[in-house]
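Next comes upload.tsv, a file with TSV, C-alpha atoms.
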chain	number	residue	atom	x	y	z
A	1	MET	CA	0.42	-26.06	-15.40
A	2	MET	CA	1.02	-28.54	-18.24
A	3	ASP	CA	4.61	-29.25	-19.31
A	4	ASP	CA	5.16	-27.86	-22.85
A	5	ASN	CA	7.37	-30.83	-23.74
A	6	LYS	CA	4.64	-33.32	-22.85
A	7	LEU	CA	2.11	-31.28	-24.78
A	8	SER	CA	4.21	-31.24	-27.96
A	9	THR	CA	4.63	-35.03	-27.93
A	10	ILE	CA	0.88	-35.55	-27.90
A	11	HIS	CA	-0.16	-32.80	-30.29
A	12	ASN	CA	1.30	-31.03	-33.27
A	13	GLY	CA	4.16	-28.92	-31.90
A	14	ASN	CA	3.47	-26.25	-34.52
A	15	ASP	CA	0.20	-25.47	-32.78
A	16	LEU	CA	1.78	-24.86	-29.36
A	17	GLU	CA	1.80	-21.07	-29.69
A	18	PHE	CA	-1.87	-21.20	-30.69
A	19	TYR	CA	-2.67	-23.27	-27.60
A	20	LYS	CA	-0.90	-20.71	-25.43
A	21	LYS	CA	-2.77	-17.85	-27.06
A	22	VAL	CA	-6.12	-19.48	-26.33
A	23	GLY	CA	-4.95	-20.32	-22.81
A	24	ASP	CA	-4.00	-16.68	-22.17
A	25	PHE	CA	-7.47	-15.68	-23.36
A	26	VAL	CA	-9.11	-18.11	-20.92
A	27	ALA	CA	-6.94	-16.82	-18.04
A	28	THR	CA	-7.83	-13.20	-18.89
A	29	ALA	CA	-11.53	-14.07	-19.08
A	30	ARG	CA	-11.40	-15.74	-15.68
A	31	ARG	CA	-9.66	-12.74	-14.14
A	32	TYR	CA	-12.29	-10.46	-15.66
A	33	ALA	CA	-15.11	-12.68	-14.37
A	34	LYS	CA	-13.60	-12.69	-10.88
A	35	LYS	CA	-13.26	-8.90	-10.98
A	36	GLN	CA	-16.91	-8.54	-12.00
A	37	MET	CA	-17.92	-10.94	-9.24
A	38	ASP	CA	-15.87	-9.00	-6.68
A	39	ASN	CA	-17.55	-5.76	-7.80
A	40	THR	CA	-21.00	-7.35	-7.59
A	41	VAL	CA	-20.41	-8.78	-4.10
A	42	ALA	CA	-19.06	-5.45	-2.78
A	43	VAL	CA	-21.93	-3.42	-4.23
A	44	THR	CA	-24.52	-5.95	-3.05
A	45	ASN	CA	-23.13	-5.89	0.50
A	46	TYR	CA	-23.01	-2.09	0.47
A	47	LEU	CA	-26.67	-1.87	-0.55
A	48	ILE	CA	-27.73	-4.53	1.98
A	49	GLY	CA	-25.99	-2.44	4.62
A	50	MET	CA	-27.85	0.63	3.39
A	51	MET	CA	-31.21	-1.16	3.58
A	52	ILE	CA	-30.49	-2.34	7.13
A	53	VAL	CA	-29.61	1.19	8.26
A	54	GLU	CA	-32.69	2.69	6.61
A	55	ARG	CA	-34.92	0.04	8.18
A	56	GLU	CA	-33.41	0.67	11.61
A	57	GLN	CA	-34.08	4.39	11.23
A	58	GLN	CA	-37.73	3.64	10.45
A	59	GLY	CA	-38.09	1.23	13.37
A	60	GLU	CA	-37.99	1.56	17.11
A	61	LYS	CA	-35.33	3.88	18.53
A	62	ARG	CA	-33.68	1.22	20.62
A	63	ALA	CA	-30.42	-0.66	20.16
A	64	LYS	CA	-32.27	-3.89	20.87
A	65	TYR	CA	-34.41	-3.38	17.76
A	66	GLY	CA	-31.33	-3.25	15.51
A	67	THR	CA	-30.01	-6.48	17.04
A	68	MET	CA	-33.32	-8.29	16.56
A	69	LEU	CA	-33.67	-6.98	13.00
A	70	ILE	CA	-30.25	-8.29	11.94
A	71	LYS	CA	-30.80	-11.63	13.71
A	72	GLY	CA	-34.13	-12.13	11.96
A	73	LEU	CA	-32.69	-11.08	8.57
A	74	SER	CA	-29.77	-13.48	9.06
A	75	GLU	CA	-32.09	-16.42	9.72
A	76	TYR	CA	-34.26	-15.56	6.72
A	77	LEU	CA	-31.40	-15.07	4.21
A	78	THR	CA	-29.54	-18.16	5.42
A	79	GLU	CA	-32.65	-20.28	4.98
A	80	GLN	CA	-33.35	-18.83	1.53
A	81	TYR	CA	-29.81	-18.51	0.10
A	82	GLY	CA	-27.41	-20.50	2.27
A	83	GLY	CA	-24.20	-19.34	3.96
A	84	GLY	CA	-22.65	-15.90	3.98
A	85	TYR	CA	-25.40	-14.08	5.87
A	86	SER	CA	-24.46	-14.62	9.50
A	87	VAL	CA	-25.20	-11.93	12.05
A	88	THR	CA	-21.51	-11.00	12.03
A	89	ASN	CA	-21.43	-10.63	8.24
A	90	LEU	CA	-24.59	-8.52	8.19
A	91	LYS	CA	-23.08	-6.24	10.82
A	92	TYR	CA	-20.02	-5.89	8.59
A	93	MET	CA	-22.31	-4.88	5.71
A	94	ARG	CA	-24.01	-2.32	7.90
A	95	THR	CA	-20.62	-0.89	8.90
A	96	PHE	CA	-19.49	-0.97	5.26
A	97	TYR	CA	-22.37	1.30	4.29
A	98	LEU	CA	-21.85	3.67	7.23
A	99	VAL	CA	-18.13	4.01	6.44
A	100	TYR	CA	-18.53	4.67	2.71
A	101	ALA	CA	-21.95	6.37	2.54
A	102	GLN	CA	-20.50	9.90	2.60
A	103	SER	CA	-18.00	9.30	-0.20
A	104	LYS	CA	-18.17	7.32	-3.40
A	105	GLY	CA	-21.01	5.07	-2.32
A	106	GLN	CA	-23.51	7.93	-2.46
A	107	MET	CA	-23.96	7.46	-6.22
A	108	LEU	CA	-25.07	3.86	-5.68
A	109	SER	CA	-27.46	4.88	-2.92
A	110	ASP	CA	-29.05	7.50	-5.19
A	111	LEU	CA	-29.37	5.00	-8.02
A	112	PHE	CA	-30.91	2.42	-5.72
A	113	ASP	CA	-33.42	4.95	-4.40
A	114	LYS	CA	-34.51	5.77	-7.96
A	115	LEU	CA	-34.60	2.24	-9.35
A	116	GLU	CA	-35.69	0.41	-6.18
A	117	SER	CA	-33.86	-2.77	-7.22
A	118	LEU	CA	-30.33	-4.03	-7.36
A	119	THR	CA	-31.01	-5.43	-10.85
A	120	GLY	CA	-31.77	-1.91	-12.01
A	121	VAL	CA	-28.47	-0.67	-10.60
A	122	PHE	CA	-26.57	-3.34	-12.53
A	123	GLU	CA	-28.51	-2.67	-15.74
A	124	ILE	CA	-27.94	1.09	-15.69
A	125	SER	CA	-24.30	0.43	-14.82
A	126	LYS	CA	-23.93	-1.41	-18.12
A	127	GLU	CA	-25.52	1.44	-20.03
A	128	LYS	CA	-23.64	4.27	-18.32
A	129	GLY	CA	-20.32	2.44	-18.28
A	130	GLN	CA	-18.56	0.91	-15.29
A	131	ILE	CA	-20.47	2.60	-12.45
A	132	LEU	CA	-19.96	-0.45	-10.27
A	133	SER	CA	-16.24	-0.90	-10.89
A	134	ASP	CA	-15.69	2.84	-10.49
A	135	GLN	CA	-17.12	2.67	-6.99
A	136	PHE	CA	-15.72	-0.53	-5.49
A	137	ARG	CA	-12.62	-2.02	-7.13
A	138	LEU	CA	-11.42	-4.45	-4.45
A	139	ASP	CA	-12.91	-7.66	-3.15
A	140	TRP	CA	-15.13	-7.92	-0.09
A	141	SER	CA	-12.45	-9.39	2.17
A	142	GLN	CA	-10.20	-6.38	1.50
A	143	TYR	CA	-12.99	-3.94	2.30
A	144	GLN	CA	-13.40	-5.74	5.62
A	145	ILE	CA	-9.84	-4.60	6.40
A	146	LEU	CA	-10.35	-1.07	5.08
A	147	MET	CA	-13.54	-0.35	6.98
A	148	ARG	CA	-11.55	-0.75	10.22
A	149	VAL	CA	-9.23	2.11	9.21
A	150	ASP	CA	-10.74	5.12	10.99
A	151	ASP	CA	-8.78	7.86	9.24
A	152	PHE	CA	-10.40	8.78	5.91
A	153	ALA	CA	-7.13	9.82	4.23
A	154	ALA	CA	-5.36	6.63	5.28
A	155	ARG	CA	-8.28	4.45	4.16
A	156	GLN	CA	-8.38	6.13	0.77
A	157	PHE	CA	-4.60	5.74	0.37
A	158	TYR	CA	-4.72	1.99	1.11
A	159	GLU	CA	-7.59	1.49	-1.32
A	160	ILE	CA	-5.74	3.26	-4.15
A	161	GLU	CA	-2.51	1.37	-3.48
A	162	ALA	CA	-4.23	-2.01	-3.08
A	163	GLU	CA	-5.74	-1.61	-6.53
A	164	ASN	CA	-2.68	-0.13	-8.24
A	165	GLN	CA	-0.24	-2.62	-6.73
A	166	GLN	CA	-2.69	-5.54	-6.88
A	167	TRP	CA	-2.11	-6.38	-3.23
A	168	THR	CA	-3.54	-9.63	-1.95
A	169	TYR	CA	-5.65	-9.75	1.20
A	170	LYS	CA	-2.58	-10.66	3.29
A	171	GLN	CA	-0.43	-7.95	1.71
A	172	LEU	CA	-3.07	-5.29	2.38
A	173	GLN	CA	-3.47	-6.56	5.93
A	174	ARG	CA	0.29	-6.32	6.43
A	175	GLN	CA	0.57	-2.80	5.00
A	176	VAL	CA	-2.25	-1.52	7.20
A	177	GLY	CA	-0.79	-3.31	10.22
A	178	SER	CA	2.65	-1.83	9.59
A	179	SER	CA	1.19	1.71	9.37
A	180	LEU	CA	2.53	2.25	5.85
A	181	TYR	CA	0.47	5.43	5.35
A	182	GLU	CA	1.74	7.10	8.51
A	183	ARG	CA	5.35	6.09	7.84
A	184	LEU	CA	5.25	7.43	4.29
A	185	ALA	CA	3.55	10.64	5.39
A	186	LEU	CA	6.11	11.29	8.14
A	187	SER	CA	8.93	10.75	5.62
A	188	ARG	CA	7.63	13.36	3.18
A	189	ASP	CA	7.63	17.10	2.77
A	190	LYS	CA	4.56	18.33	4.61
A	191	ASP	CA	3.01	19.91	1.53
A	192	LYS	CA	2.97	16.48	-0.18
A	193	VAL	CA	1.21	14.57	2.59
A	194	MET	CA	-2.31	15.41	1.40
A	195	SER	CA	-1.61	13.98	-2.07
A	196	LEU	CA	-1.13	10.50	-0.58
A	197	ALA	CA	-4.87	10.20	0.07
A	198	ASN	CA	-5.85	11.45	-3.39
A	199	GLU	CA	-3.17	9.89	-5.58
A	200	GLY	CA	-1.54	7.12	-3.55
A	201	GLN	CA	2.24	6.89	-3.49
A	202	THR	CA	3.62	8.75	-6.50
A	203	ILE	CA	7.30	8.24	-7.36
A	204	GLU	CA	8.83	11.39	-8.81
A	205	SER	CA	12.04	11.85	-6.82
A	206	PRO	CA	14.39	9.72	-4.67
A	207	ARG	CA	12.72	11.00	-1.48
A	208	ASP	CA	9.45	9.43	-2.66
A	209	ILE	CA	10.87	5.89	-2.31
A	210	PHE	CA	12.18	6.59	1.18
A	211	LYS	CA	10.38	5.92	4.46
A	212	THR	CA	11.30	5.66	8.11
A	213	PRO	CA	11.25	3.36	9.88
A	214	TYR	CA	11.43	0.27	7.70
A	215	ILE	CA	9.59	-2.65	9.28
A	216	PHE	CA	11.22	-6.08	9.04
A	217	GLU	CA	8.93	-8.13	11.28
A	218	PHE	CA	8.78	-10.82	8.57
A	219	THR	CA	12.46	-11.78	9.11
A	220	GLY	CA	11.67	-13.72	12.27
A	221	LEU	CA	14.59	-12.07	14.07
A	222	GLU	CA	13.87	-11.00	17.62
A	223	GLU	CA	14.62	-7.50	18.84
A	224	ARG	CA	16.63	-8.68	21.84
A	225	SER	CA	18.50	-11.49	20.13
A	226	ILE	CA	22.14	-11.16	19.11
A	227	TYR	CA	22.47	-11.00	15.35
A	228	SER	CA	24.94	-9.55	12.90
A	229	GLU	CA	24.51	-7.46	9.77
A	230	THR	CA	25.09	-10.69	7.81
A	231	HIS	CA	22.22	-12.38	9.67
A	232	LEU	CA	19.90	-9.46	8.92
A	233	GLU	CA	20.95	-9.41	5.26
A	234	LYS	CA	20.33	-13.16	4.89
A	235	ALA	CA	16.94	-12.87	6.58
A	236	LEU	CA	15.92	-10.14	4.12
A	237	ILE	CA	17.14	-12.15	1.13
A	238	ASP	CA	15.29	-15.24	2.38
A	239	ASN	CA	12.10	-13.15	2.46
A	240	MET	CA	12.73	-11.28	-0.79
A	241	GLN	CA	9.09	-10.86	-1.84
A	242	LYS	CA	8.14	-9.39	1.55
A	243	PHE	CA	11.30	-7.26	1.58
A	244	LEU	CA	10.49	-5.74	-1.82
A	245	LEU	CA	6.90	-5.13	-0.70
A	246	GLU	CA	8.23	-3.21	2.32
A	247	LEU	CA	10.67	-1.19	0.18
A	248	GLY	CA	7.78	-0.01	-1.99
A	249	LYS	CA	7.03	0.61	-5.65
A	250	GLY	CA	9.23	-0.29	-8.58
A	251	PHE	CA	12.07	-2.14	-6.85
A	252	LEU	CA	14.00	-4.94	-8.58
A	253	PHE	CA	16.71	-6.96	-6.86
A	254	GLU	CA	20.12	-7.11	-8.56
A	255	ALA	CA	22.83	-8.36	-6.18
A	256	ARG	CA	23.98	-8.91	-2.61
A	257	GLN	CA	27.54	-8.35	-1.41
A	258	LYS	CA	28.40	-6.86	-4.80
A	259	ARG	CA	32.14	-6.36	-5.03
A	260	PHE	CA	33.91	-3.54	-6.81
A	261	THR	CA	37.57	-2.58	-6.82
A	262	PHE	CA	38.87	0.94	-6.89
A	263	ASP	CA	42.48	2.09	-6.52
A	264	GLU	CA	43.46	-1.52	-5.61
A	265	ASP	CA	40.99	-1.65	-2.71
A	266	SER	CA	37.93	-3.91	-2.74
A	267	PHE	CA	34.53	-2.83	-1.41
A	268	TYR	CA	31.35	-4.85	-0.85
A	269	LEU	CA	27.84	-3.43	-1.15
A	270	ASP	CA	25.28	-5.18	1.03
A	271	LEU	CA	22.37	-4.94	-1.41
A	272	VAL	CA	22.09	-3.46	-4.89
A	273	LEU	CA	18.60	-2.86	-6.28
A	274	TYR	CA	17.13	-0.96	-9.19
A	275	ASN	CA	14.04	1.20	-9.19
A	276	ARG	CA	12.38	1.03	-12.58
A	277	LEU	CA	10.10	4.02	-11.89
A	278	LEU	CA	13.00	6.35	-11.10
A	279	GLN	CA	15.33	4.53	-13.51
A	280	CYS	CA	18.18	4.48	-11.03
A	281	TYR	CA	20.28	2.15	-8.90
A	282	VAL	CA	19.48	1.99	-5.19
A	283	ILE	CA	22.29	0.84	-2.89
A	284	ILE	CA	21.35	-0.36	0.58
A	285	ASP	CA	23.81	-0.71	3.45
A	286	LEU	CA	22.73	-2.40	6.69
A	287	LYS	CA	24.14	-1.20	10.00
A	288	ILE	CA	23.66	-2.76	13.43
A	289	GLY	CA	23.79	-0.15	16.17
A	290	LYS	CA	24.31	3.60	15.99
A	291	LEU	CA	24.94	5.40	12.73
A	292	LYS	CA	28.39	7.00	12.41
A	293	HIS	CA	29.57	9.80	10.15
A	294	GLN	CA	32.03	7.34	8.57
A	295	ASP	CA	29.06	5.21	7.45
A	296	LEU	CA	27.53	8.20	5.69
A	297	GLY	CA	30.82	9.08	4.02
A	298	GLN	CA	31.29	5.52	2.84
A	299	MET	CA	27.80	5.41	1.35
A	300	GLN	CA	28.41	8.71	-0.43
A	301	MET	CA	31.53	7.14	-1.95
A	302	TYR	CA	29.53	4.10	-3.11
A	303	VAL	CA	26.96	6.39	-4.74
A	304	ASN	CA	29.69	8.43	-6.45
A	305	TYR	CA	31.32	5.27	-7.79
A	306	PHE	CA	28.06	3.98	-9.29
A	307	ASP	CA	27.28	7.37	-10.83
A	308	ARG	CA	30.71	7.64	-12.46
A	309	TYR	CA	31.46	4.05	-13.47
A	310	VAL	CA	28.24	1.99	-13.54
A	311	LYS	CA	25.13	3.96	-14.49
A	312	GLN	CA	24.30	4.62	-18.13
A	313	ASP	CA	23.75	8.11	-19.52
A	314	PHE	CA	19.98	7.64	-19.72
A	315	GLU	CA	19.74	6.59	-16.05
A	316	LYS	CA	19.12	8.90	-13.11
A	317	PRO	CA	21.62	9.47	-10.26
A	318	THR	CA	22.16	6.58	-7.85
A	319	VAL	CA	20.38	6.59	-4.48
A	320	GLY	CA	21.99	5.31	-1.29
A	321	ILE	CA	19.99	4.23	1.77
A	322	LEU	CA	21.61	3.41	5.11
A	323	ILE	CA	19.28	1.28	7.24
A	324	CYS	CA	20.33	1.28	10.87
A	325	GLU	CA	19.03	0.67	14.38
A	326	ASP	CA	19.68	4.20	15.64
A	327	ARG	CA	19.48	7.04	13.13
A	328	LYS	CA	21.10	10.27	14.28
A	329	GLU	CA	19.11	12.90	12.40
A	330	LYS	CA	21.34	15.84	13.33
A	331	LEU	CA	24.44	13.86	12.38
A	332	VAL	CA	22.91	13.11	8.97
A	333	GLU	CA	22.05	16.76	8.38
A	334	LEU	CA	25.54	17.92	9.41
A	335	THR	CA	27.44	15.28	7.41
A	336	LEU	CA	25.57	15.24	4.12
A	337	PRO	CA	25.00	18.15	1.72
A	338	LYS	CA	21.37	19.19	1.28
A	339	ASP	CA	21.24	17.93	-2.31
A	340	SER	CA	22.73	14.51	-1.44
A	341	ASN	CA	21.06	11.36	-2.74
A	342	VAL	CA	21.98	9.51	0.44
A	343	TYR	CA	19.34	8.82	3.09
A	344	ALA	CA	19.41	7.23	6.54
A	345	SER	CA	16.50	5.36	8.05
A	346	GLU	CA	15.90	3.30	11.14
A	347	TYR	CA	14.45	-0.21	11.02
A	348	SER	CA	12.35	-2.21	13.44
A	349	LEU	CA	11.82	-5.94	13.84
A	350	TYR	CA	8.27	-5.53	15.13
A	351	LEU	CA	5.16	-3.72	13.98
A	352	PRO	CA	5.00	-0.10	15.12
A	353	ASP	CA	2.59	1.39	17.64
A	354	LYS	CA	-0.03	2.78	15.27
A	355	ALA	CA	-1.47	5.18	17.87
A	356	ILE	CA	1.94	6.83	18.38
A	357	LEU	CA	2.49	7.27	14.64
A	358	GLN	CA	-1.01	8.65	14.16
A	359	SER	CA	-0.46	11.12	16.99
A	360	LYS	CA	2.86	12.26	15.48
A	361	LEU	CA	1.27	12.68	12.07
A	362	ALA	CA	-1.69	14.66	13.45
A	363	GLU	CA	0.68	16.96	15.35
A	364	TRP	CA	2.87	17.35	12.26
A	365	ILE	CA	-0.08	18.26	10.00
A	366	GLU	CA	-1.46	20.70	12.60
A	367	GLU	CA	1.90	22.50	12.76
A	368	PHE	CA	2.04	22.66	8.97
A	369	GLU	CA	-1.49	24.03	8.67
A	370	GLU	CA	-0.83	26.67	11.34
A	371	ALA	CA	2.37	27.77	9.57
A	372	HIS	CA	0.57	27.79	6.22
A	373	GLU	CA	-2.24	29.90	7.65
A	374	SER	CA	0.18	32.43	9.17
A	375	ASN	CA	1.98	32.81	5.84
A	376	LYS	CA	-1.20	33.73	3.93
A	377	PRO	CA	-1.10	37.29	2.51
A	378	ASP	CA	-3.31	39.93	4.11
A	379	ASP	CA	-6.69	40.23	2.35
A	380	GLY	CA	-6.23	43.96	2.09
A	381	GLY	CA	-9.15	44.86	4.32
A	382	ASP	CA	-9.05	48.11	6.30
A	383	GLY	CA	-10.27	46.47	9.47
A	384	GLU	CA	-12.04	48.33	12.22
Structure encoded using C-alpha cells:
Amino acid sequence: MMDDNKLSTIHNGNDLEFYKKVGDFVATARRYAKKQMDNTVAVTNYLIGMMIVEREQQGEKRAKYGTMLIKGLSEYLTEQYGGGYSVTNLKYMRTFYLVYAQSKGQMLSDLFDKLESLTGVFEISKEKGQILSDQFRLDWSQYQILMRVDDFAARQFYEIEAENQQWTYKQLQRQVGSSLYERLALSRDKDKVMSLANEGQTIESPRDIFKTPYIFEFTGLEERSIYSETHLEKALIDNMQKFLLELGKGFLFEARQKRFTFDEDSFYLDLVLYNRLLQCYVIIDLKIGKLKHQDLGQMQMYVNYFDRYVKQDFEKPTVGILICEDRKEKLVELTLPKDSNVYASEYSLYLPDKAILQSKLAEWIEEFEEAHESNKPDDGGDGE
C-alpha cells in the first residue's frame, strides 16, 4: 500500500480523497471479479462431475471403466487446456456432483440438460439473475473441504457460516476440524438444533454465543505441560484473531486483567469483551483445574457490578463465562439461578474426537425426536 504522505508530495494533496475513492472502486471491482470467477469455477467443476457420472452410467458396469474414463479425460484436458485436470482433481469433481446433486445443484443439472452447453447456463443465469451465485457461493478449495463432511446438516451449516463470516480456506478447515457444528448443537436447546443447518448460527440470546467445549489448540500449550491461568491468558491474547474466531460471532476485545475497585477491595477480570450482536459485555474468567462454587459466585458478582456500574441503559445485561478444565454441571445447576447470565464451559488444548461428538449429537437428537413424538396429541381416531 502506498504511503499517503509520499503520495501528497508528488501529486496535488487536494486530490488525495479522489484517489482513494477510485482505489476503493478498483478494489471492489477486483473482489467482484474474483467472486464471479469462484462461482464459474465451482459451477464448471460441478457440471464436469455430472458429465463424468452420466458417462459412467452409460458405459460398462465395471469400476475399471470409471478409472480408465477419468484417466483418459485427464490426459485429454491437460493436453488441451493445461494444469488443473489431474486424475485426482477430476475425482474431486465427480464427488462434488454426487454430494450436491440432490440439493441445490439440481437446478444447474436441469438447466444443463435443456441447454446442452455451459455457455447457455451462464447466459440464462445473466437473464434470470444470479442463478450461479445462488447455487455456489464459495470458492472451489472450500468446497473440497465441505464435500468431505458426510452429515448434510453440518455441511449446510458450514457453507452458510463460511459465506456469512467470510472465512478463509484455513479458517473453514479449522472450524470443520474442531467440530464447531457439533459443539454448537450440543450447547443449544434441542428444539433449536435443526435451525443451525438452515440458518447458520443466529445470535438472539446469551446462550447462542455459548459453546462447550472451547478448543484452544492454537495456543501451542500442551495438555500435560504445567501452565498457569496467566500462561493460558497470554497464549490466548497472543493468538487474538484465532481466539475471537473460536469465541464466535460479533466479539470485540476490550481489556485483559481489567481492574475495578468496590468497597475498598480491588478485583481483576481476566478478559473483558463486547458482543456487538447482543450489545452486551462478555466477561471471561479462566480457571485451571476443577470448577468451584466460589468461582461461580465470584463471576456472578462481576456480572452484577458491570450491570449496575458499567453498562449503559441501551445495552443488554452482561454475560459471564467461566472457562475451566473440569466443568461440574450439577454444581453449576445447583449454584446458579435458572435465569442467570453466567455460564461454565470446559476447554481443550487439542482438537476433539469428531466421531464421539457426532455420536453424542445423534443420540441427543434421537432422544428429542422420541420425546417430541410421544408428546403429540392424539389424532382423535376411534381405533379398532
Near-Glu254 of chain A list (7 Å; only C-alpha atoms; drop same-chain fewer than 5 positions) as a PyMOL selection string: chain A and resi 272-274
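Compared by their closest atoms to Val149 of chain A, and using all atoms listed in the file, the residues A:Val99, A:Val87, A:Val193, A:Leu291 rank with A:Val99 nearest.
When all atoms listed in the file are used to compute distances to Leu90 of chain A, the closest of the residues A:Gln58, A:Gln144, A:Ser103, A:Gln298 turns out to be A:Gln144.
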Residues within 12 Å of (-13.1, 8.4, -3.1), file coords, only C-alpha atoms, listed as a PDB file with C-alpha atoms, in the coordinates of the input:
ATOM      1  CA  VAL A  99     -18.130   4.010   6.440  1.00  0.00           C
ATOM      2  CA  TYR A 100     -18.530   4.670   2.710  1.00  0.00           C
ATOM      3  CA  ALA A 101     -21.950   6.370   2.540  1.00  0.00           C
ATOM      4  CA  GLN A 102     -20.500   9.900   2.600  1.00  0.00           C
ATOM      5  CA  SER A 103     -18.000   9.300  -0.200  1.00  0.00           C
ATOM      6  CA  LYS A 104     -18.170   7.320  -3.400  1.00  0.00           C
ATOM      7  CA  GLY A 105     -21.010   5.070  -2.320  1.00  0.00           C
ATOM      8  CA  GLN A 106     -23.510   7.930  -2.460  1.00  0.00           C
ATOM      9  CA  MET A 107     -23.960   7.460  -6.220  1.00  0.00           C
ATOM     10  CA  ASP A 134     -15.690   2.840 -10.490  1.00  0.00           C
ATOM     11  CA  GLN A 135     -17.120   2.670  -6.990  1.00  0.00           C
ATOM     12  CA  PHE A 136     -15.720  -0.530  -5.490  1.00  0.00           C
ATOM     13  CA  ARG A 137     -12.620  -2.020  -7.130  1.00  0.00           C
ATOM     14  CA  PHE A 152     -10.400   8.780   5.910  1.00  0.00           C
ATOM     15  CA  ALA A 153      -7.130   9.820   4.230  1.00  0.00           C
ATOM     16  CA  ALA A 154      -5.360   6.630   5.280  1.00  0.00           C
ATOM     17  CA  ARG A 155      -8.280   4.450   4.160  1.00  0.00           C
ATOM     18  CA  GLN A 156      -8.380   6.130   0.770  1.00  0.00           C
ATOM     19  CA  PHE A 157      -4.600   5.740   0.370  1.00  0.00           C
ATOM     20  CA  TYR A 158      -4.720   1.990   1.110  1.00  0.00           C
ATOM     21  CA  GLU A 159      -7.590   1.490  -1.320  1.00  0.00           C
ATOM     22  CA  ILE A 160      -5.740   3.260  -4.150  1.00  0.00           C
ATOM     23  CA  ALA A 197      -4.870  10.200   0.070  1.00  0.00           C
ATOM     24  CA  ASN A 198      -5.850  11.450  -3.390  1.00  0.00           C
ATOM     25  CA  GLU A 199      -3.170   9.890  -5.580  1.00  0.00           C
ATOM     26  CA  GLY A 200      -1.540   7.120  -3.550  1.00  0.00           C
TER      27      GLY A 200
END
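If only C-alpha atoms are the atoms counted, then among A:Ile70, A:Val43, A:Leu77, A:Val176 the closest residue to Lys354 of chain A is A:Val176.
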Mind checking which residues fall within 10 Å of Met50 of chain A, counting only C-alpha atoms, ignoring those fewer than 4 positions away in the same chain, and posting them as a list of chain:residue names? A:Thr44, A:Asn45, A:Tyr46, A:Glu54, A:Arg55, A:Glu56, A:Met93, A:Arg94, A:Thr95, A:Phe96, A:Tyr97, A:Leu98, A:Ala101, A:Gly105, A:Ser109, A:Phe112
Output of the above residues as a compact mmCIF listing (two decimals), in the frame of the given file, restricted to C-alpha atoms:
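File written: selection11.txt
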# COMPACT_ATOMS: atom_id res chain seq x y z
CA THR A 44 -24.52 -5.95 -3.05
CA ASN A 45 -23.13 -5.89 0.50
CA TYR A 46 -23.01 -2.09 0.47
CA GLU A 54 -32.69 2.69 6.61
CA ARG A 55 -34.92 0.04 8.18
CA GLU A 56 -33.41 0.67 11.61
CA MET A 93 -22.31 -4.88 5.71
CA ARG A 94 -24.01 -2.32 7.90
CA THR A 95 -20.62 -0.89 8.90
CA PHE A 96 -19.49 -0.97 5.26
CA TYR A 97 -22.37 1.30 4.29
CA LEU A 98 -21.85 3.67 7.23
CA ALA A 101 -21.95 6.37 2.54
CA GLY A 105 -21.01 5.07 -2.32
CA SER A 109 -27.46 4.88 -2.92
CA PHE A 112 -30.91 2.42 -5.72
Env of segment 319-336 of chain A: 6 Å cut, atoms = only C-alpha atoms, seq-sep filter 5 positions within chain, self excluded. Answer as JSON, numbers by chain. {"A": [282, 283, 284, 285, 286, 287, 288, 289, 290, 291, 341, 342, 343, 344, 345, 346, 347]}
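Relative to atom CA of Phe260 of chain A, atom CA of Val310 of chain A is found at 10.4 Å.
Between atom CA of Gly66 of chain A and atom CA of Tyr92 of chain A the interatomic distance comes to 13.5 Å.
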Atomic distance atom CA of Glu363 of chain A - atom CA of Gln175 of chain A, expressed in Å with one decimal: 22.3 Å
